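Structure record follows, encoded as structure tokens.
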Amino acid sequence: METLRIVELNPAMERAYGYPREHLLRMTILELRPPAEREALLAELRAPKGERGQGRVLAHRHRDGRDMRVAIHWADIVYRGRASRLVVAHDVSEQARAQERVHLIARAMSDAAYDYDVVSGEIWFSDGFVRNFGYRPGTLPRNVDEWSALVHPDDRGRVVASLAMALEGKEDAWTQEYCFQRADGTYTDVLDRGYIQRDGHRAPLRMVGGMIDLRPQHLLSTRLRLLERAVEAGSTGLLIADATVPGFPVVYANPAFEQITGYPLSQVEGRPFDFLQAADTTQPGAQTLREALRDMREAQAPLRGLRPDGQPFWCDYHFTPMRDARGRVTHLMALLVDAGERQRHVQQLAWRTTHDVLTGLPNRHLLLDLATRAVQRAQAAGTRVAAVVVDLDEYKLVNDAFGHGAGDRVLVELSARLSRVAGPGGVLARSVGDEFTLLLEGSDEMRAEMTASAVHAALADPIELGDGRNCKLTACVGYSHFPEDAASAESLLMSAEMAMYQAKKQGRNCTVAYRAGKMPVTTGKLQLLQELREALEREEFRLLFQPVFSADLRLVAMEALVRWEHPRRGLLPPSEFIAVCEESGLIVELGRRVLHEAARHHALLAAQGLSHVRIAVNVSAMQFTHGLLEDVERVVREFELPPGALELELTESVILDDPARAAQAMAALAALGVTVAIDDFGVGYSSLSYLKRLPLHRLKIDRSFVNDLERDASDRSICEAVIALARTLKLGVVAEGVESPFQRDWLRESGAGELQGYLFARPVAFEEAVAVQPRGPGPGGPAGAPRG
């Protein structure tokens, strides 16, 4: 061992190293190692015997200069009387190169590749494992036990047993799906495929494989499935053609395309992409689309086409060329939106603005127009027009006793009976609520009196309500004539209504004819009613706004509050006129105007960077049941209100009068992005069941509970209960009537999310409301102050 010279060798060594026997016998073992590693060999030889490893793979040098990888096993012996070492060198160069190639390939793969040494139990993982599962290089599992510990407990037994069976059996491959833990502690589904290398006795040596994270595939599969369902279930027609084939033949059309055009896929597949435009090439939309198709650019145009049965259809046609990654157009896509439905919807909305939805009769707007035309005809012909106003006695009792459904049936039946009274030459309109108006043209001055008698006779028979129930109603009737009692259509209707109110004063089931100068038209409700109608025409109503702040005193909402700017009496609060508006039905038109004006102001908020601030509007019971949904839909579309921008405040009584109808209407409002708050919560009869069932967003604690918070423990308990209830139901809470720092601080500490009251600001003009800047708790001074 002193000289390190080779003293004996077998023919295999000659073949392995490329040297002849004589040459090798003149060499030392140092000459078989690359120069850079010879010193390491000497150090190893000097090391204690126990530290010299067996089976180590070392670098040796072939005669031709190439490196070899050699597994060394050795034993110290005495050869020819001298201490020597017997060395068995096994050339594993090809295996090493193969393993290196495997590791290089594994590093280049996106999958989590591994190399499992079955004998030692050690596992090597590629960089893909780090990328896919979030582990750092120092935290990778190093052996099969650490790997199996990361398999989900529910899968671990099955997976470990399956691997053991595959290794012990004769299979050359192993595949399993299981749940695997990522570095962040979450689990993901993986597909594990391993290929087993065996020795000559079929004993397993190593397994090389990869773990594929199935989560992206599952997400992609889910998205594709949802996309397919959305395309199949959507209301927008879809047409796709192959742009790589001359003529651009159609390859796909969804069911909505068939619904809009009448053409199923079987009839359009293979037809030219522009076959719809061919039905009428002269229309402007067709020309626009032809030019876009020629230039391969996006375009949108209205299009009229013909169904297979020759019937026309209308749609908005959006053409898009679809390009691949290199910018080449591969497919053509057309989206078709049914414009016919939109036109029908527009017509329906137009009809609803002039008709009562429940009875189908003309409403007050159309009535005034019809009366104007009738008066013009009477003026030209020198004849008369009579207006007969019918108002039911105690109709509210029907709603209270039998519900709004029964009340609606009464109105429908009454409209049918009064239509027969009006006859083919007369006009019947539902003015508002339970009030109807008949217009009669002709020269007979007794016709109005006879019609009034016929109205009373028509009401003599009971009205069936269903389920064996019925009710009998009476009415008060007032009528007037043009030109004797009025000089215009508007004054004709007003004088008839004044006569009806006079009949109401005389009692139930009676008729009064208008007599100029004999009715109290300058005082009382009739005078106020006339002034209110004129105020609506002259647009004397205006909005003030009271800001609402979050608990951390950020502006989150503004409540729109109507005021009447009376020409003589100045600015009047709602207490001066709302009751008469509700009694007369004017509340519907007033509420409609307030809604429109409040919605308009949200655009002003958005322009100041306050689009997150919602506008709250109070809604009356009559407005809720008379076209509210259509009114809301109109302002949402007109002002492009984002979801959450508009909130409607309803009292509990509105909901509890007819919970089923309320639920249906509120669901439709929610679909429009409109939120709903319960105003004055706790004042009326509170039913917790509707809070659970209805799509509510906020509860407003009535000011009567806030006023005495500092002195009344009961009020504090009620407020705490309402806040806790809202929190449980995931509803917001607005506390009204906050007027002192104590109330503000107590409510904030108790969890009220939003605050409103004179402490912050009174109802003021819009510009002032936006400028209010509340101050937090502090000694002295008001809590609110203008910004800037």
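Lettering and numbering for the structure tokens are positional, with chains as A, B, ... in the shown order, residues counted from 1 in each chain, and ligands counted from 1 in the shown order.
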Please provide as a PDB file with all heavy atoms, in the first residue's frame all residues within 6 Å of region 362-371 of chain A, with the sequence filter that same-chain residues fewer than 6 positions apart are discarded (counting only C-alpha atoms).
```
ATOM      1  N   THR A 354     -99.463  54.328 -18.928  1.00  0.00           N
ATOM      2  CA  THR A 354    -100.772  54.914 -19.233  1.00  0.00           C
ATOM      3  C   THR A 354    -101.940  54.045 -18.776  1.00  0.00           C
ATOM      4  O   THR A 354    -103.086  54.428 -18.970  1.00  0.00           O
ATOM      5  CB  THR A 354    -100.912  55.158 -20.745  1.00  0.00           C
ATOM      6  OG1 THR A 354    -100.728  53.916 -21.452  1.00  0.00           O
ATOM      7  CG2 THR A 354     -99.883  56.165 -21.231  1.00  0.00           C
ATOM      8  N   HIS A 355    -101.641  52.877 -18.199  1.00  0.00           N
ATOM      9  CA  HIS A 355    -102.707  51.962 -17.788  1.00  0.00           C
ATOM     10  C   HIS A 355    -102.449  51.426 -16.394  1.00  0.00           C
ATOM     11  O   HIS A 355    -101.303  51.360 -15.933  1.00  0.00           O
ATOM     12  CB  HIS A 355    -102.837  50.791 -18.778  1.00  0.00           C
ATOM     13  CG  HIS A 355    -103.413  51.176 -20.102  1.00  0.00           C
ATOM     14  ND1 HIS A 355    -102.671  51.815 -21.067  1.00  0.00           N
ATOM     15  CD2 HIS A 355    -104.677  51.021 -20.623  1.00  0.00           C
ATOM     16  CE1 HIS A 355    -103.422  52.038 -22.136  1.00  0.00           C
ATOM     17  NE2 HIS A 355    -104.634  51.570 -21.895  1.00  0.00           N
ATOM     18  N   ASP A 356    -103.508  51.029 -15.763  1.00  0.00           N
ATOM     19  CA  ASP A 356    -103.427  50.364 -14.463  1.00  0.00           C
ATOM     20  C   ASP A 356    -103.138  48.889 -14.693  1.00  0.00           C
ATOM     21  O   ASP A 356    -103.856  48.214 -15.445  1.00  0.00           O
ATOM     22  CB  ASP A 356    -104.752  50.541 -13.707  1.00  0.00           C
ATOM     23  CG  ASP A 356    -104.789  49.724 -12.436  1.00  0.00           C
ATOM     24  OD1 ASP A 356    -103.873  49.877 -11.614  1.00  0.00           O
ATOM     25  OD2 ASP A 356    -105.717  48.905 -12.285  1.00  0.00           O
ATOM     26  N   ALA A 429    -111.808  54.673 -16.339  1.00  0.00           N
ATOM     27  CA  ALA A 429    -110.406  54.716 -15.923  1.00  0.00           C
ATOM     28  C   ALA A 429    -110.324  54.487 -14.423  1.00  0.00           C
ATOM     29  O   ALA A 429    -111.262  54.804 -13.677  1.00  0.00           O
ATOM     30  CB  ALA A 429    -109.777  56.061 -16.280  1.00  0.00           C
ATOM     31  N   ARG A 430    -109.198  53.895 -14.010  1.00  0.00           N
ATOM     32  CA  ARG A 430    -108.927  53.785 -12.573  1.00  0.00           C
ATOM     33  C   ARG A 430    -108.009  54.940 -12.215  1.00  0.00           C
ATOM     34  O   ARG A 430    -106.827  54.942 -12.552  1.00  0.00           O
ATOM     35  CB  ARG A 430    -108.269  52.445 -12.232  1.00  0.00           C
ATOM     36  CG  ARG A 430    -108.058  52.258 -10.723  1.00  0.00           C
ATOM     37  CD  ARG A 430    -107.324  50.973 -10.416  1.00  0.00           C
ATOM     38  NE  ARG A 430    -107.070  50.840  -8.979  1.00  0.00           N
ATOM     39  CZ  ARG A 430    -106.222  49.955  -8.451  1.00  0.00           C
ATOM     40  NH1 ARG A 430    -105.555  49.130  -9.240  1.00  0.00           N
ATOM     41  NH2 ARG A 430    -106.044  49.903  -7.136  1.00  0.00           N
ATOM     42  N   SER A 431    -108.569  55.934 -11.540  1.00  0.00           N
ATOM     43  CA  SER A 431    -107.796  57.141 -11.234  1.00  0.00           C
ATOM     44  C   SER A 431    -106.656  56.824 -10.284  1.00  0.00           C
ATOM     45  O   SER A 431    -105.496  57.148 -10.552  1.00  0.00           O
ATOM     46  CB  SER A 431    -108.700  58.207 -10.617  1.00  0.00           C
ATOM     47  OG  SER A 431    -109.832  58.438 -11.433  1.00  0.00           O
ATOM     48  N   ALA A 489    -110.576  70.211 -19.477  1.00  0.00           N
ATOM     49  CA  ALA A 489    -110.631  68.806 -19.075  1.00  0.00           C
ATOM     50  C   ALA A 489    -110.160  68.633 -17.640  1.00  0.00           C
ATOM     51  O   ALA A 489    -110.754  67.878 -16.857  1.00  0.00           O
ATOM     52  CB  ALA A 489    -109.767  67.973 -20.019  1.00  0.00           C
TER      53      ALA A 489
END
```
Inset, instruction - Might you pull out every residue within 12 Å of region 14-23 of chain A, with only C-alpha atoms counted and same-chain residues fewer than 5 positions away left off, and present them as JSON, numbers by chain? - result: {"A": [5, 6, 7, 8, 9, 28, 29, 31, 32, 33, 60, 61, 62, 63, 64, 65, 66, 67, 68, 69, 70, 89, 90, 91, 92, 93]}
Legend entry - Contacts of Gln283 (chain A) within 10 Å, only C-alpha atoms, excl. fewer than 5 positions in-chain, as a list in words: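 Non-adjacent residues within range: Gln277, Thr288, Pro302, Leu303 and Arg304 of chain A.
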Those residues with N, CA, C and O atoms, as a PDB file, in the first residue's frame please?
```pdb
ATOM      1  N   GLN A 277     -77.962  37.981 -43.037  1.00  0.00           N
ATOM      2  CA  GLN A 277     -78.003  39.270 -43.716  1.00  0.00           C
ATOM      3  C   GLN A 277     -78.565  39.156 -45.130  1.00  0.00           C
ATOM      4  O   GLN A 277     -79.091  40.123 -45.681  1.00  0.00           O
ATOM      5  N   THR A 288     -73.288  47.314 -42.884  1.00  0.00           N
ATOM      6  CA  THR A 288     -72.251  47.476 -41.853  1.00  0.00           C
ATOM      7  C   THR A 288     -71.569  46.151 -41.553  1.00  0.00           C
ATOM      8  O   THR A 288     -70.335  46.073 -41.444  1.00  0.00           O
ATOM      9  N   PRO A 302     -78.023  46.772 -35.667  1.00  0.00           N
ATOM     10  CA  PRO A 302     -79.350  46.153 -35.598  1.00  0.00           C
ATOM     11  C   PRO A 302     -79.604  45.384 -36.896  1.00  0.00           C
ATOM     12  O   PRO A 302     -79.205  45.823 -37.977  1.00  0.00           O
ATOM     13  N   LEU A 303     -80.269  44.254 -36.772  1.00  0.00           N
ATOM     14  CA  LEU A 303     -80.488  43.407 -37.947  1.00  0.00           C
ATOM     15  C   LEU A 303     -81.907  42.871 -37.933  1.00  0.00           C
ATOM     16  O   LEU A 303     -82.414  42.449 -36.881  1.00  0.00           O
ATOM     17  N   ARG A 304     -82.515  42.897 -39.095  1.00  0.00           N
ATOM     18  CA  ARG A 304     -83.824  42.282 -39.277  1.00  0.00           C
ATOM     19  C   ARG A 304     -83.640  41.079 -40.188  1.00  0.00           C
ATOM     20  O   ARG A 304     -83.052  41.165 -41.264  1.00  0.00           O
TER      21      ARG A 304
END
```
Do you know which residues are at most 9 Å from region 74-79 of chain A counting only C-alpha atoms, after dropping those on the same chain fewer than 6 positions away, and could you put them as an mmCIF file with N, CA, C and O atoms, in the first residue's frame?
```cif
data_model
loop_
_atom_site.group_PDB
_atom_site.id
_atom_site.type_symbol
_atom_site.label_atom_id
_atom_site.label_comp_id
_atom_site.auth_asym_id
_atom_site.auth_seq_id
_atom_site.Cartn_x
_atom_site.Cartn_y
_atom_site.Cartn_z
ATOM 1 N N VAL A 7 -0.571 -4.154 -8.809
ATOM 2 C CA VAL A 7 0.289 -5.343 -8.861
ATOM 3 C C VAL A 7 -0.396 -6.505 -9.573
ATOM 4 O O VAL A 7 0.275 -7.453 -9.973
ATOM 5 N N GLN A 54 -17.723 1.986 1.665
ATOM 6 C CA GLN A 54 -17.830 0.959 0.641
ATOM 7 C C GLN A 54 -18.917 1.330 -0.349
ATOM 8 O O GLN A 54 -19.923 1.947 0.003
ATOM 9 N N GLY A 55 -18.761 0.967 -1.613
ATOM 10 C CA GLY A 55 -19.782 1.192 -2.629
ATOM 11 C C GLY A 55 -19.877 2.618 -3.113
ATOM 12 O O GLY A 55 -20.819 2.976 -3.817
ATOM 13 N N ARG A 85 -4.316 -4.211 -1.220
ATOM 14 C CA ARG A 85 -5.769 -3.980 -1.180
ATOM 15 C C ARG A 85 -6.388 -4.544 -2.453
ATOM 16 O O ARG A 85 -5.979 -4.214 -3.564
ATOM 17 N N LEU A 86 -7.394 -5.389 -2.221
ATOM 18 C CA LEU A 86 -8.153 -5.949 -3.334
ATOM 19 C C LEU A 86 -9.324 -4.992 -3.628
ATOM 20 O O LEU A 86 -10.137 -4.715 -2.750
ATOM 21 N N VAL A 87 -9.399 -4.470 -4.853
ATOM 22 C CA VAL A 87 -10.415 -3.497 -5.234
ATOM 23 C C VAL A 87 -11.277 -4.074 -6.349
ATOM 24 O O VAL A 87 -10.742 -4.562 -7.360
ATOM 25 N N VAL A 88 -12.573 -4.034 -6.119
ATOM 26 C CA VAL A 88 -13.542 -4.428 -7.165
ATOM 27 C C VAL A 88 -14.185 -3.136 -7.672
ATOM 28 O O VAL A 88 -14.836 -2.422 -6.899
ATOM 29 N N ALA A 89 -13.958 -2.836 -8.933
ATOM 30 C CA ALA A 89 -14.482 -1.605 -9.543
ATOM 31 C C ALA A 89 -15.552 -1.957 -10.560
ATOM 32 O O ALA A 89 -15.283 -2.719 -11.498
#
```
Inset, instruction - Work out how far CA of Phe248 (chain A) is from CA of Glu232 (chain A), in Å to one decimal. - result: 22.3 Å
Inset, instruction - List every residue of region 351-474 of chain A that DSSP, applied to the backbone of this structure, places in helix (DSSP H, G or I), and write the result as an MDAnalysis selection string. - result: chainID A and resid 351:354 364:381 395:402 404:422 447:458
Inset, instruction - For Phe681 (chain A), work out the shell of residues within 9 Å, counting only C-alpha atoms and skipping chain neighbours fewer than 4 positions away, then give it as JSON, numbers by chain. - result: {"A": [651, 652, 686, 699, 700, 701, 702, 722]}
Selection export as a PDB file, in the first residue's frame, atoms kept: N, CA, C and O atoms:
```pdb
ATOM      1  N   THR A 651     -92.053  50.563   5.676  1.00  0.00           N
ATOM      2  CA  THR A 651     -92.484  50.294   7.048  1.00  0.00           C
ATOM      3  C   THR A 651     -92.909  48.844   7.147  1.00  0.00           C
ATOM      4  O   THR A 651     -93.215  48.185   6.152  1.00  0.00           O
ATOM      5  N   GLU A 652     -92.943  48.328   8.386  1.00  0.00           N
ATOM      6  CA  GLU A 652     -93.330  46.935   8.594  1.00  0.00           C
ATOM      7  C   GLU A 652     -94.746  46.659   8.095  1.00  0.00           C
ATOM      8  O   GLU A 652     -95.039  45.577   7.589  1.00  0.00           O
ATOM      9  N   SER A 686     -94.072  43.661  14.992  1.00  0.00           N
ATOM     10  CA  SER A 686     -92.880  43.075  14.384  1.00  0.00           C
ATOM     11  C   SER A 686     -93.015  41.556  14.332  1.00  0.00           C
ATOM     12  O   SER A 686     -93.252  40.915  15.357  1.00  0.00           O
ATOM     13  N   LEU A 699     -82.071  47.356   9.037  1.00  0.00           N
ATOM     14  CA  LEU A 699     -83.135  47.750   9.951  1.00  0.00           C
ATOM     15  C   LEU A 699     -82.823  49.162  10.445  1.00  0.00           C
ATOM     16  O   LEU A 699     -81.675  49.467  10.783  1.00  0.00           O
ATOM     17  N   LYS A 700     -83.860  50.020  10.488  1.00  0.00           N
ATOM     18  CA  LYS A 700     -83.685  51.377  10.999  1.00  0.00           C
ATOM     19  C   LYS A 700     -84.377  51.463  12.364  1.00  0.00           C
ATOM     20  O   LYS A 700     -85.601  51.339  12.459  1.00  0.00           O
ATOM     21  N   ILE A 701     -83.574  51.659  13.396  1.00  0.00           N
ATOM     22  CA  ILE A 701     -84.132  51.784  14.747  1.00  0.00           C
ATOM     23  C   ILE A 701     -84.877  53.108  14.828  1.00  0.00           C
ATOM     24  O   ILE A 701     -84.322  54.174  14.543  1.00  0.00           O
ATOM     25  N   ASP A 702     -86.142  53.045  15.229  1.00  0.00           N
ATOM     26  CA  ASP A 702     -86.967  54.249  15.265  1.00  0.00           C
ATOM     27  C   ASP A 702     -86.422  55.236  16.290  1.00  0.00           C
ATOM     28  O   ASP A 702     -85.900  54.868  17.350  1.00  0.00           O
ATOM     29  N   VAL A 722     -82.378  44.951  19.093  1.00  0.00           N
ATOM     30  CA  VAL A 722     -82.479  45.133  17.646  1.00  0.00           C
ATOM     31  C   VAL A 722     -81.112  44.953  16.984  1.00  0.00           C
ATOM     32  O   VAL A 722     -80.975  44.302  15.948  1.00  0.00           O
TER      33      VAL A 722
END
```
Legend entry - Selection: 12 Å around Ala660 (chain A), only C-alpha atoms, excl. self and same-chain fewer than 3 positions, as a ChimeraX atom specification: /A:403-405,654-657,663-667,690,693-694
Residues just named, written with C-alpha atoms as a JSON list (two decimals), in the first residue's frame:
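The result, stored in out.json:
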```
[["chain", "number", "residue", "atom", "x", "y", "z"],
["A", 403, "GLY", "CA", -106.06, 40.49, 2.51],
["A", 404, "HIS", "CA", -104.79, 42.39, -0.53],
["A", 405, "GLY", "CA", -105.43, 39.43, -2.81],
["A", 654, "VAL", "CA", -96.29, 47.51, 4.07],
["A", 655, "ILE", "CA", -94.72, 44.07, 4.30],
["A", 656, "LEU", "CA", -97.13, 42.50, 6.76],
["A", 657, "ASP", "CA", -100.22, 43.57, 4.77],
["A", 663, "ALA", "CA", -91.50, 38.93, -0.97],
["A", 664, "GLN", "CA", -92.07, 38.74, -4.72],
["A", 665, "ALA", "CA", -91.61, 42.49, -5.19],
["A", 666, "MET", "CA", -88.53, 42.62, -2.97],
["A", 667, "ALA", "CA", -86.91, 39.74, -4.82],
["A", 690, "TYR", "CA", -90.52, 37.97, 7.66],
["A", 693, "ARG", "CA", -87.64, 35.05, 4.75],
["A", 694, "LEU", "CA", -87.42, 38.36, 2.92]]
```
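Each of A:Arg469, A:Met500, A:Thr236, A:Val388 was compared to Ser453 (chain A) using only C-alpha atoms, and A:Val388 turns out to be the nearest.
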Legend entry - Minimum-distance residue to Val613 (chain A), chosen among A:Glu559, A:Asp658, A:Asp680, A:Glu638 (using only C-alpha atoms): A:Glu559
Inset, instruction - Name all residues at most 10 Å from region 591-600 of chain A (count only C-alpha atoms; drop same-chain ones fewer than 6 positions away) and give them as a PyMOL selection string. - result: chain A and resi 536+539+541-545+558-562+581+614-620+622-624+627-628+631-632+634-636+638-641+645-648
